[in-house]
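Undergrad: Sharing start.tsv, TSV, C-alpha atoms:
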chain	number	residue	atom	x	y	z
A	1	GLY	CA	-20.42	4.10	25.56
A	2	ILE	CA	-22.74	6.17	23.37
A	3	ASP	CA	-21.30	8.11	20.46
A	4	LYS	CA	-23.08	11.40	21.07
A	5	ALA	CA	-21.82	12.97	17.85
A	6	LYS	CA	-23.30	10.12	15.82
A	7	VAL	CA	-26.61	10.35	17.68
A	8	ASP	CA	-26.73	14.10	17.06
A	9	MET	CA	-26.06	13.49	13.37
A	10	TRP	CA	-28.94	10.98	13.14
A	11	VAL	CA	-31.31	13.35	14.90
A	12	GLN	CA	-30.26	16.18	12.60
A	13	ASP	CA	-30.63	14.05	9.46
A	14	TYR	CA	-33.84	12.21	10.28
A	15	GLY	CA	-35.55	14.29	12.97
A	16	ILE	CA	-36.26	13.35	16.60
A	17	ASN	CA	-39.73	11.98	15.72
A	18	SER	CA	-38.59	9.83	12.79
A	19	ASP	CA	-38.85	6.05	12.89
A	20	TRP	CA	-35.10	5.76	12.40
A	21	VAL	CA	-34.38	7.69	15.58
A	22	ARG	CA	-37.22	5.97	17.46
A	23	VAL	CA	-35.69	2.56	16.72
A	24	HIS	CA	-31.93	3.19	16.72
A	25	VAL	CA	-31.64	5.91	19.36
A	26	LEU	CA	-34.69	5.79	21.63
A	27	GLY	CA	-35.23	2.02	21.51
A	28	GLN	CA	-38.91	2.42	20.63
A	29	PHE	CA	-41.09	0.70	18.07
A	30	PRO	CA	-41.44	2.48	14.72
A	31	ASN	CA	-44.67	4.25	13.89
A	32	ALA	CA	-44.59	2.55	10.49
A	33	SER	CA	-44.80	-1.23	10.23
A	34	ASP	CA	-41.20	-1.73	9.16
A	35	LEU	CA	-37.92	0.02	8.37
A	36	GLN	CA	-36.99	-2.60	5.78
A	37	PHE	CA	-36.57	-0.93	2.39
A	38	ILE	CA	-37.23	-4.10	0.35
A	39	PRO	CA	-39.70	-6.51	1.99
A	40	ARG	CA	-38.67	-10.13	2.12
A	41	ALA	CA	-41.86	-11.23	0.36
A	42	MET	CA	-41.07	-8.95	-2.59
A	43	ALA	CA	-37.55	-10.34	-2.98
A	44	GLU	CA	-38.71	-13.95	-2.64
A	45	ALA	CA	-41.44	-13.40	-5.26
A	46	ALA	CA	-38.78	-12.15	-7.70
A	47	MET	CA	-36.75	-15.31	-7.05
A	48	LYS	CA	-39.72	-17.59	-7.71
A	49	ARG	CA	-41.25	-15.64	-10.60
A	50	GLU	CA	-41.24	-17.37	-13.97
A	51	LYS	CA	-38.73	-15.64	-16.16
A	52	ARG	CA	-40.10	-13.94	-19.22
A	53	TYR	CA	-38.19	-14.83	-22.36
A	54	GLU	CA	-35.75	-12.05	-23.22
A	55	SER	CA	-34.27	-12.27	-26.70
A	56	PHE	CA	-30.88	-10.59	-27.00
A	57	PHE	CA	-31.90	-9.17	-30.38
A	58	ASP	CA	-31.64	-5.37	-30.09
A	59	LYS	CA	-31.26	-5.76	-26.33
A	60	VAL	CA	-28.89	-3.88	-24.07
A	61	ALA	CA	-27.13	-5.90	-21.37
A	62	ILE	CA	-26.13	-3.89	-18.31
A	63	LEU	CA	-23.34	-4.96	-15.99
A	64	GLY	CA	-23.33	-3.55	-12.46
A	65	VAL	CA	-19.94	-3.83	-10.76
A	66	ASP	CA	-19.69	-3.29	-7.00
A	67	VAL	CA	-16.04	-3.12	-5.94
A	68	ALA	CA	-14.91	-4.47	-2.55
A	69	ARG	CA	-13.29	-2.05	-0.15
A	70	ASP	CA	-11.71	-4.47	2.32
A	71	GLY	CA	-10.98	-8.14	2.82
A	72	ASN	CA	-14.36	-8.90	4.40
A	73	ASP	CA	-16.32	-7.54	1.44
A	74	LYS	CA	-16.52	-9.03	-2.03
A	75	SER	CA	-16.52	-7.56	-5.51
A	76	VAL	CA	-19.63	-8.53	-7.48
A	77	ILE	CA	-20.57	-8.35	-11.16
A	78	CYS	CA	-24.29	-8.54	-11.97
A	79	CYS	CA	-25.88	-8.73	-15.41
A	80	ARG	CA	-29.41	-7.51	-16.17
A	81	VAL	CA	-31.26	-7.61	-19.48
A	82	GLY	CA	-34.71	-6.07	-19.09
A	83	THR	CA	-36.56	-8.09	-16.45
A	84	ASP	CA	-33.91	-10.81	-16.38
A	85	ALA	CA	-31.16	-10.69	-13.78
A	86	ARG	CA	-31.19	-14.47	-13.38
A	87	THR	CA	-29.83	-16.09	-16.55
A	88	TYR	CA	-26.26	-14.96	-15.97
A	89	GLY	CA	-25.63	-15.55	-12.31
A	90	MET	CA	-23.80	-13.01	-10.20
A	91	ARG	CA	-20.03	-13.42	-10.14
A	92	THR	CA	-18.28	-12.76	-6.86
A	93	PHE	CA	-14.60	-12.28	-6.08
A	94	ARG	CA	-12.60	-11.76	-2.90
A	95	ASN	CA	-9.22	-10.07	-2.55
A	96	MET	CA	-9.08	-9.24	-6.26
A	97	ASP	CA	-7.11	-6.18	-7.35
A	98	GLY	CA	-8.27	-3.63	-9.90
A	99	PRO	CA	-6.62	-5.04	-13.05
A	100	LYS	CA	-7.83	-8.59	-12.31
A	101	LEU	CA	-11.38	-7.38	-11.62
A	102	ALA	CA	-11.31	-5.41	-14.87
A	103	ALA	CA	-10.22	-8.59	-16.64
A	104	ALA	CA	-13.16	-10.48	-15.09
A	105	VAL	CA	-15.55	-7.78	-16.32
A	106	LYS	CA	-14.02	-8.04	-19.81
A	107	LEU	CA	-14.57	-11.81	-19.86
A	108	PHE	CA	-18.21	-11.33	-18.83
A	109	HIS	CA	-18.61	-8.60	-21.46
A	110	ASP	CA	-17.18	-10.81	-24.20
A	111	GLU	CA	-19.42	-13.69	-23.18
A	112	LEU	CA	-22.51	-11.50	-23.51
A	113	VAL	CA	-21.41	-10.24	-26.92
A	114	SER	CA	-20.86	-13.82	-28.08
A	115	GLU	CA	-24.42	-14.62	-26.92
A	116	GLY	CA	-25.77	-11.88	-29.17
A	117	ALA	CA	-26.07	-8.80	-26.97
A	118	ALA	CA	-26.53	-5.72	-29.15
A	119	ARG	CA	-24.79	-3.56	-26.57
A	120	VAL	CA	-23.09	-4.13	-23.22
A	121	ILE	CA	-22.91	-1.20	-20.82
A	122	VAL	CA	-20.88	-1.32	-17.62
A	123	ASN	CA	-21.81	0.73	-14.54
A	124	ILE	CA	-19.05	0.55	-11.95
A	125	ASP	CA	-18.86	1.91	-8.42
A	126	VAL	CA	-15.78	4.14	-8.44
A	127	GLY	CA	-15.86	5.13	-4.78
A	128	GLY	CA	-12.85	3.97	-2.78
A	129	VAL	CA	-10.82	1.44	-4.78
A	130	GLY	CA	-13.25	1.30	-7.71
A	131	ALA	CA	-11.31	3.85	-9.73
A	132	SER	CA	-8.64	1.27	-10.60
A	133	PRO	CA	-10.80	-1.24	-12.52
A	134	TYR	CA	-12.73	1.66	-14.06
A	135	ASP	CA	-9.53	3.15	-15.48
A	136	PHE	CA	-8.45	-0.19	-16.93
A	137	LEU	CA	-11.83	-0.71	-18.60
A	138	LYS	CA	-12.02	2.84	-19.90
A	139	ASP	CA	-8.51	2.65	-21.33
A	140	GLY	CA	-9.49	-0.65	-22.95
A	141	GLY	CA	-12.26	1.06	-24.91
A	142	PHE	CA	-15.24	-0.38	-23.04
A	143	GLN	CA	-18.48	1.57	-22.59
A	144	VAL	CA	-18.18	2.13	-18.85
A	145	ASN	CA	-19.91	4.65	-16.60
A	146	PRO	CA	-18.32	5.77	-13.30
A	147	ILE	CA	-20.92	5.75	-10.51
A	148	GLN	CA	-20.58	7.57	-7.20
A	149	PHE	CA	-23.11	6.27	-4.68
A	150	GLY	CA	-23.08	9.53	-2.77
A	151	SER	CA	-23.65	11.79	-5.78
A	152	GLU	CA	-26.86	13.75	-6.31
A	153	ALA	CA	-29.98	11.81	-7.25
A	154	TYR	CA	-31.87	12.61	-10.44
A	155	ASN	CA	-35.17	12.91	-8.49
A	156	VAL	CA	-37.33	12.95	-11.62
A	157	GLY	CA	-40.40	11.10	-10.32
A	158	SER	CA	-42.65	11.83	-7.38
A	159	THR	CA	-40.41	10.01	-4.87
A	160	LYS	CA	-37.36	12.00	-3.81
A	161	TYR	CA	-34.06	10.52	-2.67
A	162	LEU	CA	-31.09	11.88	-0.74
A	163	ASN	CA	-28.48	10.50	-3.13
A	164	LEU	CA	-27.95	8.32	-6.19
A	165	ARG	CA	-27.56	5.09	-4.20
A	166	ALA	CA	-30.97	5.52	-2.58
A	167	GLU	CA	-32.50	6.30	-5.97
A	168	MET	CA	-30.92	3.24	-7.61
A	169	TRP	CA	-32.34	1.09	-4.84
A	170	GLY	CA	-35.74	2.74	-5.32
A	171	LYS	CA	-35.70	1.85	-9.03
A	172	MET	CA	-34.58	-1.68	-8.16
A	173	ARG	CA	-37.43	-2.08	-5.67
A	174	LYS	CA	-39.95	-0.95	-8.31
A	175	TRP	CA	-38.42	-3.38	-10.81
A	176	LEU	CA	-38.60	-6.27	-8.33
A	177	LYS	CA	-42.24	-5.48	-7.62
A	178	GLU	CA	-43.28	-5.12	-11.26
A	179	GLY	CA	-41.73	-8.20	-12.85
A	180	GLY	CA	-38.00	-8.47	-12.21
A	181	CYS	CA	-36.49	-11.95	-11.97
A	182	ILE	CA	-33.45	-12.70	-9.80
A	183	GLU	CA	-31.56	-15.83	-8.94
A	184	ASP	CA	-32.55	-17.92	-5.92
A	185	ASN	CA	-29.61	-17.06	-3.69
A	186	ASP	CA	-29.67	-16.78	0.10
A	187	ASP	CA	-26.85	-14.23	0.18
A	188	LEU	CA	-28.65	-12.02	-2.33
A	189	LEU	CA	-31.87	-12.31	-0.32
A	190	THR	CA	-30.03	-11.24	2.83
A	191	ASP	CA	-28.44	-8.29	1.02
A	192	LEU	CA	-31.73	-7.09	-0.47
A	193	THR	CA	-33.72	-7.28	2.73
A	194	GLY	CA	-31.08	-6.17	5.25
A	195	VAL	CA	-31.00	-2.49	4.35
A	196	GLU	CA	-33.11	-0.13	6.43
A	197	TYR	CA	-34.22	3.34	5.48
A	198	GLY	CA	-35.75	6.52	6.80
A	199	GLU	CA	-36.72	10.00	5.71
A	200	THR	CA	-34.62	13.08	6.31
A	201	THR	CA	-36.10	16.21	7.81
A	202	LYS	CA	-36.55	17.44	4.22
A	203	GLY	CA	-38.59	14.38	3.28
A	204	LEU	CA	-35.87	12.66	1.24
A	205	ILE	CA	-35.50	8.88	1.41
A	206	LYS	CA	-32.15	7.89	2.88
A	207	LEU	CA	-30.71	4.38	3.06
A	208	GLU	CA	-28.52	3.41	5.97
A	209	SER	CA	-24.86	3.31	5.06
A	210	LYS	CA	-22.74	0.18	4.77
A	211	LYS	CA	-20.91	1.32	7.89
A	212	GLU	CA	-24.18	1.57	9.82
A	213	MET	CA	-25.16	-1.90	8.64
A	214	LYS	CA	-21.86	-3.33	9.88
A	215	GLU	CA	-22.47	-1.68	13.25
A	216	ARG	CA	-25.73	-3.68	13.37
A	217	GLY	CA	-23.73	-6.85	12.69
A	218	LEU	CA	-24.66	-7.14	9.01
A	219	SER	CA	-22.33	-7.52	6.07
A	220	SER	CA	-22.03	-5.01	3.26
A	221	PRO	CA	-24.88	-5.69	0.75
A	222	ASP	CA	-22.47	-6.16	-2.15
A	223	MET	CA	-24.70	-8.38	-4.29
A	224	ALA	CA	-27.72	-6.09	-3.94
A	225	ASP	CA	-25.59	-3.02	-4.68
A	226	ALA	CA	-24.32	-4.70	-7.87
A	227	LEU	CA	-27.90	-5.27	-9.03
A	228	ALA	CA	-28.84	-1.71	-8.06
A	229	LEU	CA	-25.96	-0.39	-10.15
A	230	THR	CA	-27.69	-1.69	-13.28
A	231	PHE	CA	-30.26	1.07	-12.69
A	232	ALA	CA	-27.73	3.88	-12.24
A	233	VAL	CA	-27.79	5.41	-15.73
A	234	PRO	CA	-30.78	6.01	-18.05
A	235	ILE	CA	-30.09	3.68	-20.97
A	236	ASN	CA	-32.22	5.66	-23.42
A	237	GLU	CA	-30.15	8.73	-22.67
A	238	ILE	CA	-26.94	6.90	-23.56
A	239	LEU	CA	-28.33	5.63	-26.84
A	240	ASN	CA	-29.77	9.03	-27.78
A	241	ASN	CA	-26.44	10.68	-27.04
A	242	GLU	CA	-24.71	8.23	-29.35
A	243	LEU	CA	-27.17	8.93	-32.14
A	244	ASP	CA	-26.23	12.59	-31.81
A	245	ASP	CA	-22.52	11.68	-31.92
A	246	GLU	CA	-22.07	12.86	-28.34
A	247	PRO	CA	-20.20	10.99	-25.60
A	248	PRO	CA	-22.41	8.77	-23.40
A	249	VAL	CA	-22.48	10.85	-20.23
A	250	ARG	CA	-25.05	11.40	-17.52
A	251	SER	CA	-26.65	14.73	-18.29
A	252	ARG	CA	-29.51	15.09	-15.85
A	253	TYR	CA	-32.21	13.48	-18.05
A	254	GLN	CA	-32.29	16.22	-20.72
A	255	ARG	CA	-33.12	13.64	-23.39
A	256	GLN	CA	-34.85	11.09	-21.19
A	257	THR	CA	-38.39	10.56	-22.52
A	258	ARG	CA	-39.36	7.33	-20.78
A	259	ASP	CA	-38.43	5.09	-17.90
A	260	PRO	CA	-34.97	3.55	-18.43
A	261	TYR	CA	-36.45	0.09	-17.80
A	262	ALA	CA	-39.93	0.64	-19.27
A	263	ASP	CA	-39.35	-1.90	-22.04
A	264	MET	CA	-38.42	-4.67	-19.61
Give the structure from this file in structure tokens form.

TA:
Amino acid sequence: GIDKAKVDMWVQDYGINSDWVRVHVLGQFPNASDLQFIPRAMAEAAMKREKRYESFFDKVAILGVDVARDGNDKSVICCRVGTDARTYGMRTFRNMDGPKLAAAVKLFHDELVSEGAARVIVNIDVGGVGASPYDFLKDGGFQVNPIQFGSEAYNVGSTKYLNLRAEMWGKMRKWLKEGGCIEDNDDLLTDLTGVEYGETTKGLIKLESKKEMKERGLSSPDMADALALTFAVPINEILNNELDDEPPVRSRYQRQTRDPYADM
């Protein structure tokens, strides 16, 4: 009953001596203490941490939108302003089509503007069925960035990642550790702590896929992915592009001079 092709792919990606292969193929204990990408203690600390006051004056609110791919998954909208991803709780939807999800994002956007947000930026997962709500938002004139989880990572810092999704999660983990505040939500805690990771043979950090998680009996980490999406695009780069009268596009950090969440 073993899928030999899948096993061969894991061995090729991670290496026969990697912890991923030791645990998931050979049934051995990992050499490292854990394969968990975000430790439970780190996530719980972010849930209990006292929220630092974040004035909306001159602040950019970022919406991360993870779009459901099937009936068992849920679409999630997450709002983050600096260190605060708690004030505006995550909004979840099941069996919602593209136009209706776009309408829900618009309502959230308008609420933030009415609260005084200087700018609202939307990062939306456009893989699979995500292109539909993206098109509706783009056509409606919203500042929306299409995000492909599997696209190339920026890999600017010392830690290197296989793809953009792994890099977003790496930024999210750093944010959680260094002062991020999230809502006290059991589903979010499960999502954040359920994802395992390993290193490829080239030393790149790779997160397990949603499909691999489901094969382990876990649900897709939709809430955690929505939060991670708020770290997908360097905010300073967007604002600098606008000052130069250029469209707000991802351009490989040419103008990026500091961490996109350094002023949390």

Undergrad: Against range 90-112 of chain A, which residues of range 122-168 of chain A fall within 9 Å? For each one I want the closest pair of atoms and the distance in Å (one decimal), counting all atoms listed in the file, rows by chain and increasing residue number, as a tab-separated table.

TA:
residue	atom	partner	partner_atom	distance
A:Val122	CA	A:Val105	CA	8.5
A:Val129	CA	A:Gly98	CA	7.6
A:Gly130	CA	A:Gly98	CA	7.3
A:Ala131	CA	A:Gly98	CA	8.1
A:Ser132	CA	A:Gly98	CA	5.0
A:Pro133	CA	A:Gly98	CA	4.4
A:Tyr134	CA	A:Ala102	CA	7.3
A:Asp135	CA	A:Ala102	CA	8.8
A:Phe136	CA	A:Ala102	CA	6.3
A:Leu137	CA	A:Ala102	CA	6.0
A:Phe142	CA	A:Lys106	CA	8.4

Undergrad: Identify which of the residues A:Pro221, A:Val120, A:Val233, A:Lys211 lies closest to Leu164 in chain A, counting all atoms listed in the file when measuring atom-to-atom distances.

TA: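 Under the stated criterion, the closest residue is A:Val233.
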
Undergrad: Mind giving me the straight-line distance from CA of Arg80 in chain A to CA of Gly170 in chain A in Å, one decimal?

TA: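 Separation between CA of Arg80 in chain A and CA of Gly170 in chain A: 16.2 Å.
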
Undergrad: Nearest to Ile124 in chain A among A:Thr201, A:Asn155, A:Ser75, A:Ser209, with distances taken over only C-alpha atoms: which residue is it?

TA: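 Ranking A:Thr201, A:Asn155, A:Ser75, A:Ser209 by distance to Ile124 in chain A, first place goes to A:Ser75.
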
Undergrad: Would you mind listing what lies within 10 Å of Met168 in chain A as JSON, numbers by chain, with all atoms listed in the file counted and same-chain residues fewer than 6 positions away left out?

TA: {"A": [149, 153, 154, 161, 174, 225, 227, 228, 229, 230, 231, 232, 233]}

Undergrad: At a cut-off of 7 Å around the point (-34.4, -5.3, 0.2) (file coordinates), what residues fall inside when counting only C-alpha atoms? I'd like the answer as a list in words.

TA: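 Within the cut-off we find Gln36, Phe37, Ile38, Pro39, Arg40, Ala43, Asp191, Leu192, Thr193, Gly194 and Val195 of chain A.
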
Undergrad: May I have the residues within 12 Å of Gly89 in chain A as an mmCIF file with C-alpha atoms, keeping the file's coordinate frame, using all atoms listed in the file and disregarding those fewer than 4 positions away in the same chain?

TA:
data_model
loop_
_atom_site.group_PDB
_atom_site.id
_atom_site.type_symbol
_atom_site.label_atom_id
_atom_site.label_comp_id
_atom_site.auth_asym_id
_atom_site.auth_seq_id
_atom_site.Cartn_x
_atom_site.Cartn_y
_atom_site.Cartn_z
ATOM 1 C CA LEU A 63 -23.340 -4.960 -15.990
ATOM 2 C CA VAL A 76 -19.630 -8.530 -7.480
ATOM 3 C CA ILE A 77 -20.570 -8.350 -11.160
ATOM 4 C CA CYS A 78 -24.290 -8.540 -11.970
ATOM 5 C CA CYS A 79 -25.880 -8.730 -15.410
ATOM 6 C CA ARG A 80 -29.410 -7.510 -16.170
ATOM 7 C CA ASP A 84 -33.910 -10.810 -16.380
ATOM 8 C CA ALA A 85 -31.160 -10.690 -13.780
ATOM 9 C CA PHE A 108 -18.210 -11.330 -18.830
ATOM 10 C CA CYS A 181 -36.490 -11.950 -11.970
ATOM 11 C CA ILE A 182 -33.450 -12.700 -9.800
ATOM 12 C CA GLU A 183 -31.560 -15.830 -8.940
ATOM 13 C CA ASP A 184 -32.550 -17.920 -5.920
ATOM 14 C CA ASN A 185 -29.610 -17.060 -3.690
ATOM 15 C CA LEU A 188 -28.650 -12.020 -2.330
ATOM 16 C CA MET A 223 -24.700 -8.380 -4.290
ATOM 17 C CA ALA A 226 -24.320 -4.700 -7.870
ATOM 18 C CA LEU A 227 -27.900 -5.270 -9.030
#

Undergrad: List every protein, DNA or RNA residue with an atom no more than 9 Å from (-33.3, 5.5, -0.9) in the file's coordinates, counting all atoms listed in the file, and format the result as a PDB file with C-alpha atoms, in the coordinates of the input.

TA:
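Saved the output as out01.pdb:
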ATOM      1  CA  PHE A  37     -36.570  -0.930   2.390  1.00  0.00           C
ATOM      2  CA  LYS A 160     -37.360  12.000  -3.810  1.00  0.00           C
ATOM      3  CA  TYR A 161     -34.060  10.520  -2.670  1.00  0.00           C
ATOM      4  CA  LEU A 162     -31.090  11.880  -0.740  1.00  0.00           C
ATOM      5  CA  ASN A 163     -28.480  10.500  -3.130  1.00  0.00           C
ATOM      6  CA  LEU A 164     -27.950   8.320  -6.190  1.00  0.00           C
ATOM      7  CA  ARG A 165     -27.560   5.090  -4.200  1.00  0.00           C
ATOM      8  CA  ALA A 166     -30.970   5.520  -2.580  1.00  0.00           C
ATOM      9  CA  GLU A 167     -32.500   6.300  -5.970  1.00  0.00           C
ATOM     10  CA  MET A 168     -30.920   3.240  -7.610  1.00  0.00           C
ATOM     11  CA  TRP A 169     -32.340   1.090  -4.840  1.00  0.00           C
ATOM     12  CA  GLY A 170     -35.740   2.740  -5.320  1.00  0.00           C
ATOM     13  CA  TYR A 197     -34.220   3.340   5.480  1.00  0.00           C
ATOM     14  CA  GLY A 198     -35.750   6.520   6.800  1.00  0.00           C
ATOM     15  CA  GLU A 199     -36.720  10.000   5.710  1.00  0.00           C
ATOM     16  CA  LEU A 204     -35.870  12.660   1.240  1.00  0.00           C
ATOM     17  CA  ILE A 205     -35.500   8.880   1.410  1.00  0.00           C
ATOM     18  CA  LYS A 206     -32.150   7.890   2.880  1.00  0.00           C
ATOM     19  CA  LEU A 207     -30.710   4.380   3.060  1.00  0.00           C
ATOM     20  CA  GLU A 208     -28.520   3.410   5.970  1.00  0.00           C
TER      21      GLU A 208
END

Undergrad: How many Å separate CA of Gly128 in chain A from CA of Asp222 in chain A?

TA: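 Between CA of Gly128 in chain A and CA of Asp222 in chain A the gap works out to 14.0 Å.
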
Undergrad: Set the distance at 9 Å and use only C-alpha atoms: which residues neighbour Gly179 in chain A once local chain neighbours fewer than 5 positions away are removed? I'd like the list as a list of chain:residue names.

TA: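 The neighbour list is A:Ala46, A:Arg49, A:Lys51, A:Arg52, A:Thr83, A:Asp84, A:Lys174, A:Met264.
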
Undergrad: Can you write out the residues you just picked, keeping C-alpha atoms, as a CSV table (one decimal), in the frame of the given file?

TA:
chain,number,residue,atom,x,y,z
A,46,ALA,CA,-38.8,-12.2,-7.7
A,49,ARG,CA,-41.2,-15.6,-10.6
A,51,LYS,CA,-38.7,-15.6,-16.2
A,52,ARG,CA,-40.1,-13.9,-19.2
A,83,THR,CA,-36.6,-8.1,-16.4
A,84,ASP,CA,-33.9,-10.8,-16.4
A,174,LYS,CA,-40.0,-1.0,-8.3
A,264,MET,CA,-38.4,-4.7,-19.6

Undergrad: Take CA of Ala41 in chain A and CA of Glu212 in chain A and report the distance between them in Å, one decimal.

TA: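 Computed distance, CA of Ala41 in chain A to CA of Glu212 in chain A, equals 23.8 Å.
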